[in-house]
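Encoded as structure tokens, the structure appears first; notes follow it.
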Amino acid sequence: MKPTTHTPPRPTMPYLIRNGRLIDPDTGVDKLCDLYLRGGVVERIAPPGDYTPPGVYDTVDAAGLVVCPGLTDVHTHLRDPGQTHKEDIASGSRAAVLGGVTSLLCMPNTEPPLDSPTLVAGVCERAAQADLVRVYPVGALTERLAGARLTDFEALKAAGAAALSDDGKPLADAALMEEALRRAAALGLPVLSHCEPETPQALREIELAERTGGPVHLCHVSRRETVELLRAAKARGVRVTAETCPHYIWFTRADTERIGANAKMNPPLAEESDRQAVVEALRDGTIDILATDHAPHHPSEKAQPFPKAPNGVIGLETLLAAALTALYHTGLMPLPRLLHTMTAAPARLAGLPAGRVGEGRPADLTLFDPDAPWRVEARLMASKSQNTPFDGMTLRGRVIHVFVDGKHRVKYSAINRV
């Protein structure tokens with residue numbers, strides 16, 4: 001048995017979700033509710049059994065399930081355009097929605113990079129055609145990701161870019177990065193910095209954010225020293241946010257030989273003291289967001305000897321379960337606080353209309369059983385690639401239903417098809 005993407009006939013059928021545990025981390029709601037979805041929004045939230053909508057509607061029994069805002073992932077690689085043998089927007093969207101992710105930011109290190117309005121608009125168009133999740137392109141900070149000349153931020157935003165980054169090619173020129181932070185802040189576009197080497201570049205970005213007053217976001221934090229810099233910067237009021245990824249709260253350098261190339265990523269896995277520091281930073285809010293850094297690679301590429309294998313692992317389909325297993329089921333984080341790192345916090349970073357559940361708001365919802373165990377099998381994943389470090393592991397927490405724009409996109413079924 002496995003979940004399946006499911007597209008209802010149009011026009012969208014109204015739905016009544018009954019007896020679910022609604023958790024909205026942004027507003028602090030945590031109670032049993034019925035939710036009525038119509039016209040792409042949550043029309044009514046009521047105590048269980050208090051509301052019977054008029055007309056014809058489908059009922060979803062959510063007893064024993066958590067109902068939360070659809071997850072938002074701010075760090076995804078969809079490889080489209082140019083590397084669609086690894087992933088494309090349609091396959092990445094399927095992987096996302098099966099993992100409970102309803103909104104995502106896709107990085108610009110495609111071929112060619114997303115450095116022009118035409119390329120950004122093309123991603124938006126293909127995402128609309130896939131019609132599964134909300135895909136927001138991240139525009140390139142510099143032309144061709146070459147680090148020499150800033151792109152036209154205004155034009156990229158107008159074309160649909162929700163953030164800016166040079167991702168895997170961190171911007172080396174500090175003066176250019178300072179200008180980028182100032183220009184991006186004026187447009188309300190977050191700048192996502194891939195710090196390499198991690199701690200020295202994180203220090204530079206924090207100093208630039210402090211100088212300019214413009215916010216900066218640090219991607220995939222994995223080191224104890226970076227956590228210490230972040231904690232001190234936030235205490236000073238610097239406008240810096242940060243993310244980490246499930247693989248950094250699960251694995252260390254000691255796991256690399258056992259897992260092989262599917263444990264090779266950038267930044268690389270570190271020591272147990274680093275893993276513990278990252279977990280504690282999530283617990284106390286120093287790290288704001290859990291993101292996947294979903295980085296698909298074709299099996300033939302990961303089959304190369306470890307030194308030649310490319311960096312990156314996939315994570316969209318395991319994000320929620322890996323987080324629940326490591327942090328909620330161990331008692332390290334309460335469920336609302338943990339969900340905040342995957343809903344309200346990432347949506348707020350990117351200024352997205354996501355991350356909250358309320359009457360009149362978009363009906364983007366993830367329903368999951370927090371206790372259900374399941375075995376990760378890479379060969380069954382919706383992604384075109386299979387490079388997950390969780391392959392063969394049993395995780396707790398299973399997505400049962402997903403709604404996007406009020407459409408029932410995922411339901412637990414024996415058949416996996418779109």
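Just so we're on the same page: first chain in the structure tokens is A, next is B, and so on; residues restart at 1 for each chain, and ligands are numbered from 1 in the order they show up.
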
Do you know which residues are at most 12 Å from Leu352 (chain A) counting only C-alpha atoms, after dropping those on the same chain fewer than 2 positions away, and could you put them as a ChimeraX atom specification? /A:70-74,102-105,134-136,160-163,188-190,343-350,354-356,362

With only C-alpha atoms as the counted atoms, please give the residues lying no more than 12 Å from Gly55 (chain A), apart from itself and same-chain residues fewer than 3 positions off, as a ChimeraX atom specification. /A:13-16,38,52,58

Which of A:Thr142, A:Thr12, A:Thr76, A:Thr199 sits closest to Met177 (chain A) [using only C-alpha atoms]: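 Between A:Thr142, A:Thr12, A:Thr76, A:Thr199, the residue approaching Met177 (chain A) most closely is A:Thr142.
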
Distance query Val227 (chain A) at most 12 Å, only C-alpha atoms, self and fewer than 6 positions along chain excluded, as a ChimeraX atom specification: /A:198-199,202-203,206,218,220-221,233-234,240-244,273-282,284-288

For the selection you just gave me, I'd like the residues written to a file as an mmCIF file, in the first residue's frame, keeping C-alpha atoms.
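Output (again-v7.cif):
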data_model
loop_
_atom_site.group_PDB
_atom_site.id
_atom_site.type_symbol
_atom_site.label_atom_id
_atom_site.label_comp_id
_atom_site.auth_asym_id
_atom_site.auth_seq_id
_atom_site.Cartn_x
_atom_site.Cartn_y
_atom_site.Cartn_z
ATOM 1 C CA GLU A 198 29.983 26.988 5.591
ATOM 2 C CA THR A 199 31.069 28.828 8.717
ATOM 3 C CA ALA A 202 27.988 32.393 7.133
ATOM 4 C CA LEU A 203 30.010 34.876 9.179
ATOM 5 C CA ILE A 206 25.750 37.819 8.915
ATOM 6 C CA LEU A 218 21.493 30.634 5.305
ATOM 7 C CA HIS A 220 21.494 23.827 4.906
ATOM 8 C CA VAL A 221 23.291 24.667 8.168
ATOM 9 C CA ALA A 233 23.600 37.190 15.600
ATOM 10 C CA LYS A 234 19.958 36.688 16.455
ATOM 11 C CA VAL A 240 19.198 36.354 9.570
ATOM 12 C CA THR A 241 17.266 33.126 9.194
ATOM 13 C CA ALA A 242 18.515 29.616 8.605
ATOM 14 C CA GLU A 243 17.474 26.154 7.561
ATOM 15 C CA THR A 244 18.797 22.675 8.059
ATOM 16 C CA SER A 273 28.684 17.112 18.095
ATOM 17 C CA ASP A 274 27.576 19.004 14.984
ATOM 18 C CA ARG A 275 24.441 16.898 14.631
ATOM 19 C CA GLN A 276 23.535 17.525 18.256
ATOM 20 C CA ALA A 277 24.126 21.264 17.858
ATOM 21 C CA VAL A 278 21.824 21.382 14.816
ATOM 22 C CA VAL A 279 19.084 19.519 16.679
ATOM 23 C CA GLU A 280 19.360 21.867 19.649
ATOM 24 C CA ALA A 281 19.252 24.879 17.316
ATOM 25 C CA LEU A 282 15.984 23.616 15.834
ATOM 26 C CA ASP A 284 15.414 26.621 20.525
ATOM 27 C CA GLY A 285 14.561 28.415 17.260
ATOM 28 C CA THR A 286 18.099 29.382 16.267
ATOM 29 C CA ILE A 287 17.464 27.404 13.086
ATOM 30 C CA ASP A 288 14.053 28.434 11.769
#

Among region 67-154 of chain A, which residues carry a DSSP assignment of strand (DSSP E), reported as a compact mmCIF listing (two decimals) with C-alpha atoms, in the first residue's frame?
# COMPACT_ATOMS: atom_id res chain seq x y z
CA VAL A 67 -4.67 18.27 9.72
CA CYS A 68 -2.08 20.98 9.18
CA PRO A 69 -1.11 23.57 6.58
CA LEU A 71 4.21 21.85 3.99
CA THR A 72 6.44 24.45 2.33
CA ASP A 73 9.94 23.53 1.16
CA VAL A 74 12.22 26.48 0.44
CA HIS A 75 15.12 24.46 -1.00
CA THR A 76 14.34 22.12 -3.88
CA VAL A 101 4.58 19.47 0.40
CA THR A 102 2.12 21.82 -1.29
CA SER A 103 4.42 24.81 -1.96
CA LEU A 104 8.08 24.77 -2.90
CA LEU A 105 10.91 27.01 -4.04
CA CYS A 106 13.05 25.57 -6.82
CA ARG A 134 2.58 25.56 -6.05
CA VAL A 135 6.06 25.97 -7.55
CA TYR A 136 7.93 29.25 -7.00
CA PRO A 137 11.18 29.75 -8.92
CA VAL A 138 14.25 31.18 -7.22
CA GLY A 139 15.93 33.62 -9.57
CA ALA A 140 19.69 33.71 -10.02

Each residue of region 299-357 of chain A with at least one atom at most 9 Å from region 388-396 of chain A should appear once, together with its nearest atom pair and the corresponding distance in Å (one decimal); atoms considered: only C-alpha atoms; ordering: chain, then increasing residue number; output as CSV.
residue,atom,partner,partner_atom,distance
A:Gly312,CA,A:Thr388,CA,9.0
A:Val313,CA,A:Thr388,CA,5.4
A:Ile314,CA,A:Thr388,CA,5.3
A:Gly315,CA,A:Thr388,CA,6.8
A:Thr318,CA,A:Phe390,CA,8.0
A:Ala321,CA,A:Arg396,CA,5.7
A:Ala322,CA,A:Leu395,CA,6.3
A:Leu324,CA,A:Arg396,CA,6.7
A:Thr325,CA,A:Arg396,CA,5.4
A:Ala326,CA,A:Leu395,CA,8.9
A:His329,CA,A:Arg396,CA,8.0

How would the residues just picked look written out with C-alpha atoms as a CSV table (one decimal), in the first residue's frame?
chain,number,residue,atom,x,y,z
A,312,GLY,CA,23.1,15.7,-3.2
A,313,VAL,CA,20.2,13.5,-1.9
A,314,ILE,CA,16.5,13.5,-2.5
A,315,GLY,CA,14.1,14.4,0.4
A,318,THR,CA,10.7,11.7,3.4
A,321,ALA,CA,8.3,11.3,8.4
A,322,ALA,CA,12.1,11.8,8.9
A,324,LEU,CA,8.6,13.2,13.1
A,325,THR,CA,10.7,10.1,13.7
A,326,ALA,CA,13.8,12.0,14.8
A,329,HIS,CA,8.7,10.6,18.5

Pairwise distance for CA of Val29 (chain A) and CA of Leu290 (chain A), rounded to one decimal in Å: 20.8 Å

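The interatomic distance for the pair CA of Gly92 (chain A) and CA of Leu316 (chain A) works out to 8.3 Å.
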
Please identify all polymer residues within 9 Å of Glu43 (chain A), counting only C-alpha atoms, omitting same-chain residues fewer than 5 positions from it, and present them as a ChimeraX atom specification. /A:35-38,358-361,363

Between A:Arg94, A:Arg211, A:His297, A:Lys407, single out the one closest to Gly39 (chain A), counting only C-alpha atoms.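 Selected residue with least distance to Gly39 (chain A): A:Lys407.
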
So what do you get for CA of Asp34 (chain A) versus CA of Gly20 (chain A), distance-wise? 6.6 Å

Find the residue from A:Gly28, A:Thr110, A:Pro334, A:Tyr57 that sits nearest to Glu87 (chain A); use only C-alpha atoms when measuring. A:Thr110

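Nearest to Asn109 (chain A) of all the residues A:Val97, A:Asp167, A:Leu65, A:Arg126 is A:Asp167, counting only C-alpha atoms.
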
Taking the chain letters and numbering used in this document, name the residues of region 251-378 of chain A that DSSP puts in helix (DSSP H, G or I), as an NGL selection string. :A and (253-263 or 272-284 or 299-302 or 319-328 or 335-340 or 344-350 or 378)
